[in-house]
>>> print(open('final_12.csv').read())   # CSV, C-alpha atoms
chain,number,residue,atom,x,y,z
A,1,MET,CA,20.4,3.8,10.3
A,2,GLN,CA,17.3,2.7,8.4
A,3,LYS,CA,17.6,2.6,4.5
A,4,VAL,CA,14.9,4.4,2.5
A,5,GLU,CA,14.2,4.9,-1.2
A,6,LEU,CA,13.8,8.5,-2.1
A,7,ILE,CA,12.6,10.3,-5.2
A,8,ALA,CA,13.8,13.9,-6.0
A,9,THR,CA,11.2,15.2,-8.4
A,10,ALA,CA,12.4,17.6,-11.1
A,11,THR,CA,11.0,20.0,-13.8
A,12,PHE,CA,11.3,18.4,-17.2
A,13,GLY,CA,14.8,19.0,-18.6
A,14,LEU,CA,16.5,19.4,-15.2
A,15,GLU,CA,16.7,15.7,-14.2
A,16,SER,CA,20.4,15.5,-14.9
A,17,VAL,CA,21.1,18.6,-12.8
A,18,VAL,CA,19.1,17.2,-9.9
A,19,ALA,CA,21.0,13.9,-10.3
A,20,GLU,CA,24.3,15.7,-10.1
A,21,GLU,CA,23.2,17.4,-6.9
A,22,VAL,CA,22.1,14.1,-5.3
A,23,LYS,CA,25.5,12.5,-6.2
A,24,ALA,CA,27.3,15.6,-4.8
A,25,LEU,CA,25.6,15.0,-1.5
A,26,GLY,CA,27.1,11.5,-1.5
A,27,TYR,CA,24.1,9.4,-2.5
A,28,GLY,CA,24.0,7.0,-5.4
A,29,PRO,CA,23.7,5.2,-7.7
A,30,VAL,CA,20.8,7.3,-9.0
A,31,GLN,CA,18.1,6.2,-11.5
A,32,VAL,CA,17.1,9.1,-13.8
A,33,GLU,CA,13.7,9.1,-15.4
A,34,ASN,CA,11.4,11.8,-16.8
A,35,GLY,CA,10.7,14.2,-13.9
A,36,LYS,CA,12.4,12.2,-11.2
A,37,VAL,CA,15.7,11.0,-9.8
A,38,THR,CA,15.4,7.9,-7.5
A,39,PHE,CA,18.1,6.8,-5.1
A,40,THR,CA,18.5,4.7,-1.9
A,41,ALA,CA,20.1,6.3,1.2
A,42,ASP,CA,19.7,6.2,5.0
A,43,ILE,CA,17.0,8.1,6.7
A,44,SER,CA,19.3,11.1,7.4
A,45,ALA,CA,19.1,11.8,3.7
A,46,ILE,CA,15.6,13.2,4.2
A,47,PRO,CA,16.8,16.2,6.1
A,48,ARG,CA,19.9,16.7,4.0
A,49,THR,CA,18.3,16.5,0.6
A,50,ASN,CA,15.5,18.8,1.6
A,51,LEU,CA,17.9,21.4,3.0
A,52,TRP,CA,20.5,21.2,0.2
A,53,LEU,CA,18.8,20.4,-3.2
A,54,ARG,CA,18.6,23.6,-5.2
A,55,THR,CA,17.0,22.4,-8.4
A,56,ALA,CA,14.6,19.6,-7.3
A,57,ASP,CA,10.9,20.3,-6.8
A,58,ARG,CA,10.4,18.1,-3.8
A,59,VAL,CA,11.7,15.0,-2.1
A,60,ARG,CA,9.3,12.0,-1.9
A,61,LEU,CA,9.6,8.8,0.2
A,62,LYS,CA,8.9,5.8,-2.0
A,63,ILE,CA,6.7,3.3,-0.1
A,64,GLY,CA,6.1,0.9,-3.0
A,65,GLU,CA,5.7,0.3,-6.7
A,66,PHE,CA,3.6,-2.4,-8.6
A,67,LYS,CA,1.6,-3.1,-11.7
A,68,ALA,CA,-2.2,-2.4,-11.3
A,69,THR,CA,-4.8,-2.7,-14.0
A,70,THR,CA,-7.9,-3.2,-11.8
A,71,PHE,CA,-9.1,-1.4,-8.7
A,72,ASP,CA,-9.0,-4.6,-6.7
A,73,GLU,CA,-5.3,-5.0,-7.6
A,74,LEU,CA,-4.6,-1.4,-6.6
A,75,PHE,CA,-6.5,-1.9,-3.3
A,76,GLU,CA,-4.8,-5.2,-2.3
A,77,LYS,CA,-1.3,-4.2,-3.3
A,78,THR,CA,-1.6,-0.8,-1.6
A,79,LYS,CA,-2.9,-2.4,1.6
A,80,ALA,CA,0.1,-4.8,1.7
A,81,LEU,CA,2.6,-2.0,1.9
A,82,PRO,CA,4.1,-1.1,5.3
A,83,TRP,CA,2.2,2.2,5.9
A,84,ALA,CA,2.4,2.0,9.7
A,85,ASP,CA,6.2,2.0,9.5
A,86,TRP,CA,5.8,5.7,8.7
A,87,ILE,CA,2.3,7.0,9.5
A,88,THR,CA,1.6,7.5,13.2
A,89,GLU,CA,-1.8,6.5,14.7
A,90,ASP,CA,-2.8,10.2,14.8
A,91,GLY,CA,-1.2,11.0,11.4
A,92,THR,CA,-3.0,13.0,8.7
A,93,PHE,CA,-2.8,11.3,5.4
A,94,PRO,CA,-4.6,12.9,2.4
A,95,VAL,CA,-4.1,11.2,-1.0
A,96,GLU,CA,-3.5,13.0,-4.3
A,97,GLY,CA,-3.0,11.3,-7.6
A,98,LYS,CA,-2.2,11.3,-11.3
A,99,SER,CA,-2.6,8.8,-14.1
A,100,VAL,CA,-0.8,8.8,-17.5
A,101,LYS,CA,-1.4,6.2,-20.2
A,102,SER,CA,-3.0,3.8,-17.6
A,103,THR,CA,-6.0,1.5,-17.6
A,104,LEU,CA,-7.0,3.1,-14.2
A,105,PHE,CA,-7.5,6.6,-15.6
A,106,SER,CA,-10.0,8.0,-13.1
A,107,VAL,CA,-7.7,9.9,-10.6
A,108,PRO,CA,-10.5,10.5,-8.0
A,109,ASP,CA,-11.4,6.8,-7.9
A,110,CYS,CA,-7.7,5.8,-7.5
A,111,GLN,CA,-7.3,8.3,-4.7
A,112,ALA,CA,-10.4,7.0,-2.9
A,113,ILE,CA,-9.2,3.4,-3.2
A,114,VAL,CA,-5.7,4.1,-2.0
A,115,LYS,CA,-7.1,6.0,1.0
A,116,LYS,CA,-9.3,3.1,1.9
A,117,ALA,CA,-6.4,0.6,1.5
A,118,VAL,CA,-4.1,2.7,3.7
A,119,VAL,CA,-6.8,2.9,6.4
A,120,GLU,CA,-7.3,-0.9,6.3
A,121,SER,CA,-3.5,-1.4,6.5
A,122,LEU,CA,-3.3,0.9,9.5
A,123,LYS,CA,-6.2,-0.7,11.2
A,124,LYS,CA,-4.3,-4.0,11.3
A,125,THR,CA,-1.3,-2.5,13.0
A,126,TYR,CA,-3.0,0.0,15.4
A,127,LYS,CA,-6.0,-2.3,16.2
A,128,SER,CA,-8.2,0.8,15.7
A,129,GLU,CA,-11.4,1.3,13.7
A,130,TRP,CA,-11.2,5.1,13.5
A,131,PHE,CA,-8.3,7.6,12.8
A,132,ASP,CA,-8.8,11.2,13.8
A,133,GLU,CA,-6.0,12.5,11.5
A,134,GLN,CA,-5.1,15.4,13.8
A,135,GLY,CA,-1.3,14.7,14.0
A,136,PRO,CA,1.7,15.0,11.6
A,137,MET,CA,1.1,15.4,7.9
A,138,TYR,CA,1.9,12.4,5.5
A,139,LYS,CA,0.7,13.5,2.1
A,140,ILE,CA,0.4,10.3,-0.1
A,141,GLU,CA,0.6,10.4,-3.9
A,142,VAL,CA,-0.5,7.6,-6.1
A,143,ALA,CA,1.1,8.1,-9.5
A,144,LEU,CA,0.1,5.7,-12.3
A,145,LEU,CA,2.3,5.6,-15.5
A,146,LYS,CA,1.6,2.9,-18.1
A,147,ASP,CA,-0.2,0.7,-15.5
A,148,VAL,CA,2.6,0.9,-12.9
A,149,ALA,CA,1.5,2.5,-9.6
A,150,THR,CA,4.1,4.3,-7.5
A,151,LEU,CA,3.1,5.2,-3.9
A,152,THR,CA,5.0,7.9,-2.2
A,153,ILE,CA,4.8,10.2,0.8
A,154,ASP,CA,5.9,13.8,0.4
A,155,THR,CA,8.7,14.8,2.9
A,156,SER,CA,9.0,18.5,1.8
A,157,GLY,CA,5.7,20.2,2.4
A,158,PRO,CA,5.6,23.4,0.3
A,159,GLY,CA,7.8,22.9,-2.9
A,160,LEU,CA,11.5,23.3,-2.5
A,161,HIS,CA,11.4,26.4,-4.7
A,162,LYS,CA,9.8,28.2,-1.7
A,163,ARG,CA,13.0,29.2,0.0
A,164,GLY,CA,11.2,31.6,2.3
A,165,TYR,CA,12.8,34.8,1.0
A,166,ARG,CA,10.5,35.9,-1.8
A,167,GLU,CA,7.2,37.8,-1.3
A,168,LEU,CA,4.4,37.1,-3.7
A,169,ILE,CA,4.1,39.5,-6.6
A,170,GLY,CA,1.5,39.7,-9.5
A,171,GLN,CA,3.5,38.4,-12.4
A,172,ALA,CA,4.6,34.7,-12.2
A,173,PRO,CA,8.4,35.1,-11.9
A,174,LEU,CA,11.0,32.5,-12.5
A,175,LYS,CA,11.0,29.7,-9.9
A,176,GLU,CA,13.9,29.7,-7.6
A,177,THR,CA,14.7,26.1,-8.6
A,178,MET,CA,14.9,27.1,-12.3
A,179,ALA,CA,17.1,30.1,-11.5
A,180,ALA,CA,19.5,27.9,-9.6
A,181,ALA,CA,19.5,25.4,-12.4
A,182,MET,CA,20.4,28.1,-14.9
A,183,ILE,CA,23.4,29.2,-12.8
A,184,MET,CA,24.5,25.6,-12.2
A,185,LEU,CA,24.3,24.7,-15.9
A,186,SER,CA,26.5,27.8,-16.7
A,187,ARG,CA,29.3,26.5,-14.5
A,188,TRP,CA,29.7,30.0,-13.0
A,189,LYS,CA,32.4,30.2,-10.4
A,190,PRO,CA,32.3,32.7,-7.4
A,191,ASP,CA,35.5,34.4,-8.5
A,192,ARG,CA,33.8,35.7,-11.7
A,193,VAL,CA,31.6,38.8,-11.9
A,194,PHE,CA,27.9,37.9,-12.3
A,195,MET,CA,25.2,40.1,-13.9
A,196,ASP,CA,21.5,39.8,-14.5
A,197,PRO,CA,20.2,42.8,-16.6
A,198,PHE,CA,16.5,41.7,-16.2
A,199,CYS,CA,16.6,40.9,-12.5
A,200,GLY,CA,13.0,41.6,-11.7
A,201,SER,CA,12.4,40.6,-8.1
A,202,GLY,CA,16.0,39.4,-7.8
A,203,THR,CA,15.6,35.6,-8.0
A,204,ILE,CA,18.6,34.9,-10.2
A,205,PRO,CA,21.1,37.2,-8.4
A,206,ILE,CA,19.9,35.9,-5.0
A,207,GLU,CA,20.3,32.2,-6.1
A,208,ALA,CA,23.8,33.1,-7.4
A,209,ALA,CA,24.7,34.6,-4.0
A,210,LEU,CA,23.4,31.5,-2.2
A,211,ILE,CA,25.4,29.2,-4.6
A,212,GLY,CA,28.5,31.5,-4.4
A,213,GLN,CA,28.7,31.2,-0.6
A,214,ASN,CA,27.5,27.6,-0.5
A,215,ILE,CA,24.4,28.6,1.6
A,216,ALA,CA,21.9,25.7,1.7
A,217,PRO,CA,18.7,26.9,0.0
A,218,GLY,CA,16.5,25.3,2.7
A,219,MET,CA,18.4,26.8,5.6
A,220,ASN,CA,15.7,29.3,6.6
A,221,ARG,CA,12.5,27.2,6.2
A,222,GLU,CA,10.8,24.2,7.7
A,223,PHE,CA,9.8,20.9,6.2
A,224,VAL,CA,6.7,18.7,6.8
A,225,SER,CA,8.8,15.7,7.8
A,226,GLU,CA,10.4,17.5,10.7
A,227,SER,CA,7.3,16.5,12.7
A,228,TRP,CA,7.6,12.8,11.9
A,229,PRO,CA,8.6,10.8,15.0
A,230,ILE,CA,10.5,8.2,12.9
A,231,ILE,CA,13.2,10.7,11.8
A,232,PRO,CA,15.4,11.3,14.8
A,233,LYS,CA,15.5,14.9,15.9
A,234,THR,CA,19.3,14.5,16.0
A,235,ALA,CA,19.2,13.9,12.2
A,236,TRP,CA,17.6,17.3,11.6
A,237,ARG,CA,19.9,19.0,14.1
A,238,GLU,CA,23.0,17.5,12.5
A,239,ALA,CA,21.8,18.3,9.0
A,240,ARG,CA,21.1,22.0,10.0
A,241,ALA,CA,24.5,22.2,11.8
A,242,GLU,CA,26.1,21.0,8.6
A,243,THR,CA,24.5,23.8,6.6
A,244,HIS,CA,26.2,26.3,8.9
A,245,ASP,CA,29.5,24.5,8.9
A,246,LEU,CA,29.7,24.3,5.1
A,247,ALA,CA,28.6,27.9,4.3
A,248,ARG,CA,31.4,30.1,3.1
A,249,TYR,CA,30.4,33.5,4.4
A,250,ASP,CA,33.8,35.0,3.7
A,251,GLN,CA,33.6,34.2,0.0
A,252,LYS,CA,33.8,37.5,-1.9
A,253,LEU,CA,31.3,38.0,-4.7
A,254,GLU,CA,30.5,40.6,-7.3
A,255,ILE,CA,26.8,40.2,-8.3
A,256,ILE,CA,24.9,42.9,-10.1
A,257,GLY,CA,21.2,43.0,-10.8
A,258,THR,CA,19.6,45.7,-13.0
A,259,ASP,CA,16.1,46.4,-14.1
A,260,MET,CA,14.1,49.3,-15.5
A,261,ASP,CA,11.4,49.2,-12.8
A,262,ASP,CA,12.1,51.0,-9.5
A,263,GLU,CA,9.2,49.4,-7.7
A,264,ILE,CA,10.3,45.9,-8.5
A,265,LEU,CA,13.9,46.7,-7.6
A,266,LYS,CA,12.6,47.7,-4.1
A,267,ILE,CA,11.1,44.2,-3.9
A,268,ALA,CA,14.4,42.6,-5.1
A,269,ARG,CA,16.3,44.4,-2.3
A,270,ARG,CA,13.7,43.3,0.3
A,271,ASN,CA,14.0,39.7,-1.0
A,272,ALA,CA,17.8,39.8,-0.9
A,273,THR,CA,17.6,41.1,2.7
A,274,GLU,CA,15.2,38.2,3.6
A,275,ALA,CA,17.6,35.8,2.1
A,276,GLY,CA,20.5,37.3,4.1
A,277,VAL,CA,22.5,38.2,1.0
A,278,ASP,CA,21.7,41.9,0.5
A,279,ASP,CA,25.3,42.9,1.1
A,280,LEU,CA,26.4,40.6,-1.7
A,281,ILE,CA,24.3,42.1,-4.5
A,282,HIS,CA,24.3,45.5,-6.1
A,283,PHE,CA,20.9,46.3,-7.5
A,284,GLN,CA,20.6,49.3,-9.9
A,285,ARG,CA,18.0,50.9,-12.2
A,286,MET,CA,19.3,50.5,-15.8
A,287,ASP,CA,18.0,49.9,-19.3
A,288,VAL,CA,19.6,46.8,-20.9
A,289,ARG,CA,20.8,49.0,-23.7
A,290,ASP,CA,23.0,50.9,-21.2
A,291,VAL,CA,24.7,47.9,-19.7
A,292,ARG,CA,28.5,48.6,-19.8
A,293,THR,CA,31.4,47.1,-17.8
A,294,SER,CA,35.1,47.2,-17.7
A,295,ARG,CA,35.1,43.8,-16.0
A,296,LYS,CA,36.4,40.8,-18.0
A,297,TYR,CA,35.4,37.2,-18.2
A,298,GLY,CA,32.0,37.7,-16.4
A,299,TYR,CA,28.8,35.7,-16.6
A,300,LEU,CA,25.6,37.3,-17.7
A,301,ILE,CA,22.5,35.1,-16.9
A,302,CYS,CA,19.0,36.4,-17.5
A,303,ASN,CA,15.3,35.7,-18.1
A,304,PRO,CA,14.2,38.5,-20.4
A,305,PRO,CA,10.6,39.1,-21.4
A,306,TYR,CA,9.3,36.6,-23.9
A,307,GLY,CA,6.5,38.5,-25.6
A,308,GLU,CA,3.9,35.8,-24.8
A,309,ARG,CA,1.1,38.3,-25.0
A,310,LEU,CA,-0.4,39.1,-28.4
A,311,GLY,CA,1.3,42.0,-30.2
A,312,GLU,CA,4.5,42.1,-28.1
A,313,TRP,CA,6.6,39.9,-30.4
A,314,LYS,CA,7.9,42.8,-32.6
A,315,GLN,CA,8.8,44.8,-29.5
A,316,VAL,CA,10.6,41.9,-27.9
A,317,ALA,CA,12.4,40.9,-31.1
A,318,LYS,CA,13.7,44.5,-31.3
A,319,MET,CA,14.9,44.3,-27.7
A,320,TYR,CA,16.7,41.0,-28.4
A,321,GLY,CA,18.5,42.7,-31.3
A,322,GLU,CA,19.5,45.6,-29.0
A,323,MET,CA,20.8,43.1,-26.4
A,324,GLY,CA,22.9,41.5,-29.1
A,325,LYS,CA,24.5,44.8,-30.0
A,326,THR,CA,25.1,45.9,-26.4
A,327,PHE,CA,26.5,42.6,-25.3
A,328,ALA,CA,28.9,42.4,-28.3
A,329,ALA,CA,31.1,44.9,-26.5
A,330,MET,CA,31.5,42.5,-23.6
A,331,ASP,CA,33.6,40.3,-25.7
A,332,THR,CA,35.2,38.2,-22.9
A,333,TRP,CA,31.9,37.5,-21.2
A,334,SER,CA,29.7,34.4,-21.4
A,335,PHE,CA,25.9,34.8,-21.8
A,336,TYR,CA,23.1,32.5,-20.7
A,337,ILE,CA,19.6,33.5,-21.8
A,338,ILE,CA,16.3,31.7,-21.4
A,339,THR,CA,13.4,32.5,-23.7
A,340,SER,CA,10.5,30.9,-25.6
A,341,ASP,CA,11.4,32.7,-28.8
A,342,GLU,CA,12.6,30.1,-31.3
A,343,GLN,CA,14.1,32.8,-33.5
A,344,PHE,CA,16.1,34.3,-30.6
A,345,GLU,CA,19.6,33.6,-32.2
A,346,GLU,CA,18.5,35.4,-35.4
A,347,HIS,CA,17.3,38.5,-33.4
A,348,PHE,CA,20.3,38.4,-31.1
A,349,GLY,CA,22.7,38.2,-34.0
A,350,ARG,CA,24.7,35.2,-32.8
A,351,THR,CA,24.5,31.5,-32.8
A,352,ALA,CA,24.5,29.9,-29.4
A,353,SER,CA,27.4,27.6,-28.4
A,354,LYS,CA,24.8,25.3,-27.0
A,355,LYS,CA,21.1,25.3,-26.2
A,356,ARG,CA,18.9,23.2,-23.9
A,357,LYS,CA,15.2,22.6,-24.0
A,358,LEU,CA,13.5,23.4,-20.6
A,359,TYR,CA,10.1,24.4,-19.3
A,360,ASN,CA,9.5,27.6,-17.4
A,361,GLY,CA,6.2,26.8,-15.7
A,362,ASN,CA,4.1,25.5,-18.6
A,363,ILE,CA,6.0,27.5,-21.2
A,364,LYS,CA,8.4,25.6,-23.4
A,365,VAL,CA,11.7,27.5,-23.5
A,366,ASP,CA,15.3,27.2,-24.8
A,367,TYR,CA,18.3,28.0,-22.6
A,368,TYR,CA,20.8,29.7,-25.0
A,369,GLN,CA,24.4,29.4,-23.9
A,370,PHE,CA,27.1,31.6,-25.5
A,371,PHE,CA,30.5,30.6,-24.2
A,372,GLY,CA,33.1,33.3,-23.8
A,373,PRO,CA,36.9,32.8,-24.0
A,374,ARG,CA,38.7,31.2,-21.1
A,375,PRO,CA,40.6,33.7,-18.9
A,376,PRO,CA,44.4,33.6,-19.0
A,377,ARG,CA,46.1,31.1,-16.7
A,378,GLY,CA,47.1,32.4,-13.3
A,379,PRO,CA,45.1,33.7,-10.3
A,380,MET,CA,41.8,35.4,-11.1
A,381,VAL,CA,41.4,39.0,-9.8
A,382,THR,CA,39.0,38.9,-7.0
A,383,PRO,CA,36.0,41.3,-7.3
A,384,THR,CA,37.3,43.7,-4.6
A,385,GLU,CA,40.8,44.1,-5.9
>>> encode(input="final_12.csv", output="structure tokens")
Amino acid sequence: MQKVELIATATFGLESVVAEEVKALGYGPVQVENGKVTFTADISAIPRTNLWLRTADRVRLKIGEFKATTFDELFEKTKALPWADWITEDGTFPVEGKSVKSTLFSVPDCQAIVKKAVVESLKKTYKSEWFDEQGPMYKIEVALLKDVATLTIDTSGPGLHKRGYRELIGQAPLKETMAAAMIMLSRWKPDRVFMDPFCGSGTIPIEAALIGQNIAPGMNREFVSESWPIIPKTAWREARAETHDLARYDQKLEIIGTDMDDEILKIARRNATEAGVDDLIHFQRMDVRDVRTSRKYGYLICNPPYGERLGEWKQVAKMYGEMGKTFAAMDTWSFYIITSDEQFEEHFGRTASKKRKLYNGNIKVDYYQFFGPRPPRGPMVTPTE
């Protein structure tokens, strides 16, 4: 099967998590750089990575990479790439771009030149002077970094965080990809109880349920490259069949999501139903100060309010202090908390075992990790026992 070079793009700070996922799918070696993980695989990796990657933003097909400091150079080197190997004669191929620390800093000009070069390249192959662009979508990106141009085609369509289960709500909640990364970084195992006391619309508990039962995050959505003739339909069928074969629907889980807002809990339950995991999550109205459990060795993972709006800092700092007191009673548990508050440990009353810098949207945050004790050796008690 044809070999391709793919780039799984990543939120800053999550590159190593995405690289682990790519390797777990059997692809490698991987090259890890800021915001991306590059690897070579056969063409069947396009369906598989889109269906399975939980923490990547999207999967791009790399067409070429070269140095370009003039518009002529950008035009000629783009034109020389094998665009017709991928783009059909009726294909739609808009161009987007970005430029960082490069001589060619005008993104609109770079986009226009790449578009023109691709058209000239396709003219040679298809012996045509005009392209209607009514067919499959091949969104091209020209990314310039320190005068090196990377030309890619997006294989995903809507970002991979759009699993298809979450309805739009007013506040910008945590992206599904970030929620999955928080869980994967915690090394939570399905035989441990899982709790999110600030569950909001349910993203973290839902992602935990998908991970716990090994349900592919892209199982219930479509991808733009499904309409590309060059990828055999059998590759998509086999990749989707694999997602069903590898799902562990009989894996018992105990996942709890609590929040103070009844209306948002209704949304959380609807989202869990859409994701097909509503029977795996117990949602309940509860103030974080009232969190109690007799369960041992659980994992508490949450995205509490940050107090980004003016005047909320004192209120949020007080709440972090209350969290610290409440969670202290859960002395065998591990806690994983994401926040932009640089004084979080001081307010919480404990020093984290480890912390990791991440970005939640455009907000710089730290992921505070408080490791609990290891459970005694021997079989763990399953949640239903």
>>> closest_residue(input="final_12.csv", among="A:Val288, A:Cys110, A:Ala41, A:Leu210", to="Tyr27 (chain A)", atoms="only C-alpha atoms")
A:Ala41
>>> closest_residue(input="final_12.csv", among="A:Thr258, A:Thr155, A:Thr49, A:Ser334", to="Glu226 (chain A)", atoms="only C-alpha atoms")
A:Thr155
>>> atom_distance(input="final_12.csv", atom1="CA of Ala272 (chain A)", atom2="CA of Asp287 (chain A)")
21.0 Å
>>> residues_around(input="final_12.csv", residues="Asn214 (chain A)", least_positions_apart="4", cutoff="10 Å", atoms="all atoms listed in the file", output="list in words")
Trp52, Pro190, Ala208, Ala209, Leu210, Thr243, His244, Leu246, Ala247, Arg248, Tyr249 and Gln251 of chain A
>>> write_last_selection(input="final_12.csv", atoms="C-alpha atoms", output="compact mmCIF listing (two decimals), in the frame of the given file")
# COMPACT_ATOMS: atom_id res chain seq x y z
CA TRP A 52 20.50 21.20 0.20
CA PRO A 190 32.30 32.70 -7.40
CA ALA A 208 23.80 33.10 -7.40
CA ALA A 209 24.70 34.60 -4.00
CA LEU A 210 23.40 31.50 -2.20
CA THR A 243 24.50 23.80 6.60
CA HIS A 244 26.20 26.30 8.90
CA LEU A 246 29.70 24.30 5.10
CA ALA A 247 28.60 27.90 4.30
CA ARG A 248 31.40 30.10 3.10
CA TYR A 249 30.40 33.50 4.40
CA GLN A 251 33.60 34.20 0.00
>>> closest_atom_pairs(input="final_12.csv", of="region 115-191 of chain A", to="region 350-368 of chain A", cutoff="12 Å", atoms="all atoms listed in the file", output="JSON lines")
{"residue": "A:Ala172", "atom": "CA", "partner": "A:Gly361", "partner_atom": "CA", "distance": 8.8}
{"residue": "A:Pro173", "atom": "CA", "partner": "A:Asn360", "partner_atom": "CA", "distance": 9.4}
{"residue": "A:Leu174", "atom": "CA", "partner": "A:Asn360", "partner_atom": "CA", "distance": 7.1}
{"residue": "A:Lys175", "atom": "CA", "partner": "A:Asn360", "partner_atom": "CA", "distance": 7.9}
{"residue": "A:Glu176", "atom": "CA", "partner": "A:Asn360", "partner_atom": "CA", "distance": 10.9}
{"residue": "A:Thr177", "atom": "CA", "partner": "A:Asn360", "partner_atom": "CA", "distance": 10.3}
{"residue": "A:Met178", "atom": "CA", "partner": "A:Asn360", "partner_atom": "CA", "distance": 7.4}
{"residue": "A:Ala179", "atom": "CA", "partner": "A:Asn360", "partner_atom": "CA", "distance": 9.9}
{"residue": "A:Ala181", "atom": "CA", "partner": "A:Leu358", "partner_atom": "CA", "distance": 10.4}
{"residue": "A:Met182", "atom": "CA", "partner": "A:Tyr367", "partner_atom": "CA", "distance": 8.0}
{"residue": "A:Ile183", "atom": "CA", "partner": "A:Tyr367", "partner_atom": "CA", "distance": 11.1}
{"residue": "A:Leu185", "atom": "CA", "partner": "A:Tyr367", "partner_atom": "CA", "distance": 9.6}
{"residue": "A:Ser186", "atom": "CA", "partner": "A:Tyr367", "partner_atom": "CA", "distance": 10.1}
>>> closest_atom_pairs(input="final_12.csv", of="region 167-261 of chain A", to="region 132-150 of chain A", cutoff="10 Å", atoms="all atoms listed in the file", output="JSON lines")
{"residue": "A:Val224", "atom": "CA", "partner": "A:Met137", "partner_atom": "CA", "distance": 6.6}
{"residue": "A:Ser225", "atom": "CA", "partner": "A:Met137", "partner_atom": "CA", "distance": 7.7}
{"residue": "A:Glu226", "atom": "CA", "partner": "A:Pro136", "partner_atom": "CA", "distance": 9.1}
{"residue": "A:Ser227", "atom": "CA", "partner": "A:Pro136", "partner_atom": "CA", "distance": 5.9}
{"residue": "A:Trp228", "atom": "CA", "partner": "A:Pro136", "partner_atom": "CA", "distance": 6.3}
{"residue": "A:Pro229", "atom": "CA", "partner": "A:Pro136", "partner_atom": "CA", "distance": 8.8}
>>> closest_atom_pairs(input="final_12.csv", of="region 2-57 of chain A", to="region 85-99 of chain A", cutoff="12 Å", atoms="all atoms listed in the file", output="CSV")
residue,atom,partner,partner_atom,distance
A:Gln2,CA,A:Asp85,CA,11.2
A:Val4,CA,A:Trp86,CA,11.1
A:Ile43,CA,A:Trp86,CA,11.6
>>> residues_around(input="final_12.csv", residues="His347 (chain A)", least_positions_apart="5", cutoff="7 Å", atoms="only C-alpha atoms", output="list in words")
Ala317, Tyr320 and Gly321 of chain A
>>> residues_around(input="final_12.csv", residues="region 218-220 of chain A", least_positions_apart="6", cutoff="12 Å", atoms="all atoms listed in the file", output="MDAnalysis selection string")
chainID A and resid 47:56 58 156:166 176:177 207 210 236:237 239:247 274:276
>>> residues_near_point(input="final_12.csv", point="(10.1, 37.5, -3.5)", cutoff="8 Å", atoms="all atoms listed in the file", output="mmCIF file with C-alpha atoms, keeping the file's coordinate frame")
data_model
loop_
_atom_site.group_PDB
_atom_site.id
_atom_site.type_symbol
_atom_site.label_atom_id
_atom_site.label_comp_id
_atom_site.auth_asym_id
_atom_site.auth_seq_id
_atom_site.Cartn_x
_atom_site.Cartn_y
_atom_site.Cartn_z
ATOM 1 C CA TYR A 165 12.800 34.800 1.000
ATOM 2 C CA ARG A 166 10.500 35.900 -1.800
ATOM 3 C CA GLU A 167 7.200 37.800 -1.300
ATOM 4 C CA LEU A 168 4.400 37.100 -3.700
ATOM 5 C CA ILE A 169 4.100 39.500 -6.600
ATOM 6 C CA SER A 201 12.400 40.600 -8.100
ATOM 7 C CA GLY A 202 16.000 39.400 -7.800
ATOM 8 C CA THR A 203 15.600 35.600 -8.000
ATOM 9 C CA ILE A 267 11.100 44.200 -3.900
ATOM 10 C CA ALA A 268 14.400 42.600 -5.100
ATOM 11 C CA ARG A 270 13.700 43.300 0.300
ATOM 12 C CA ASN A 271 14.000 39.700 -1.000
#
>>> atom_distance(input="final_12.csv", atom1="CA of Lys36 (chain A)", atom2="CA of Phe223 (chain A)")
19.6 Å
>>> atom_distance(input="final_12.csv", atom1="CA of Lys124 (chain A)", atom2="CA of Thr40 (chain A)")
27.7 Å
>>> residues_around(input="final_12.csv", residues="Met260 (chain A)", least_positions_apart="5", cutoff="12 Å", atoms="all atoms listed in the file", output="MDAnalysis selection string")
chainID A and resid 197:201 265:266 283:291 304
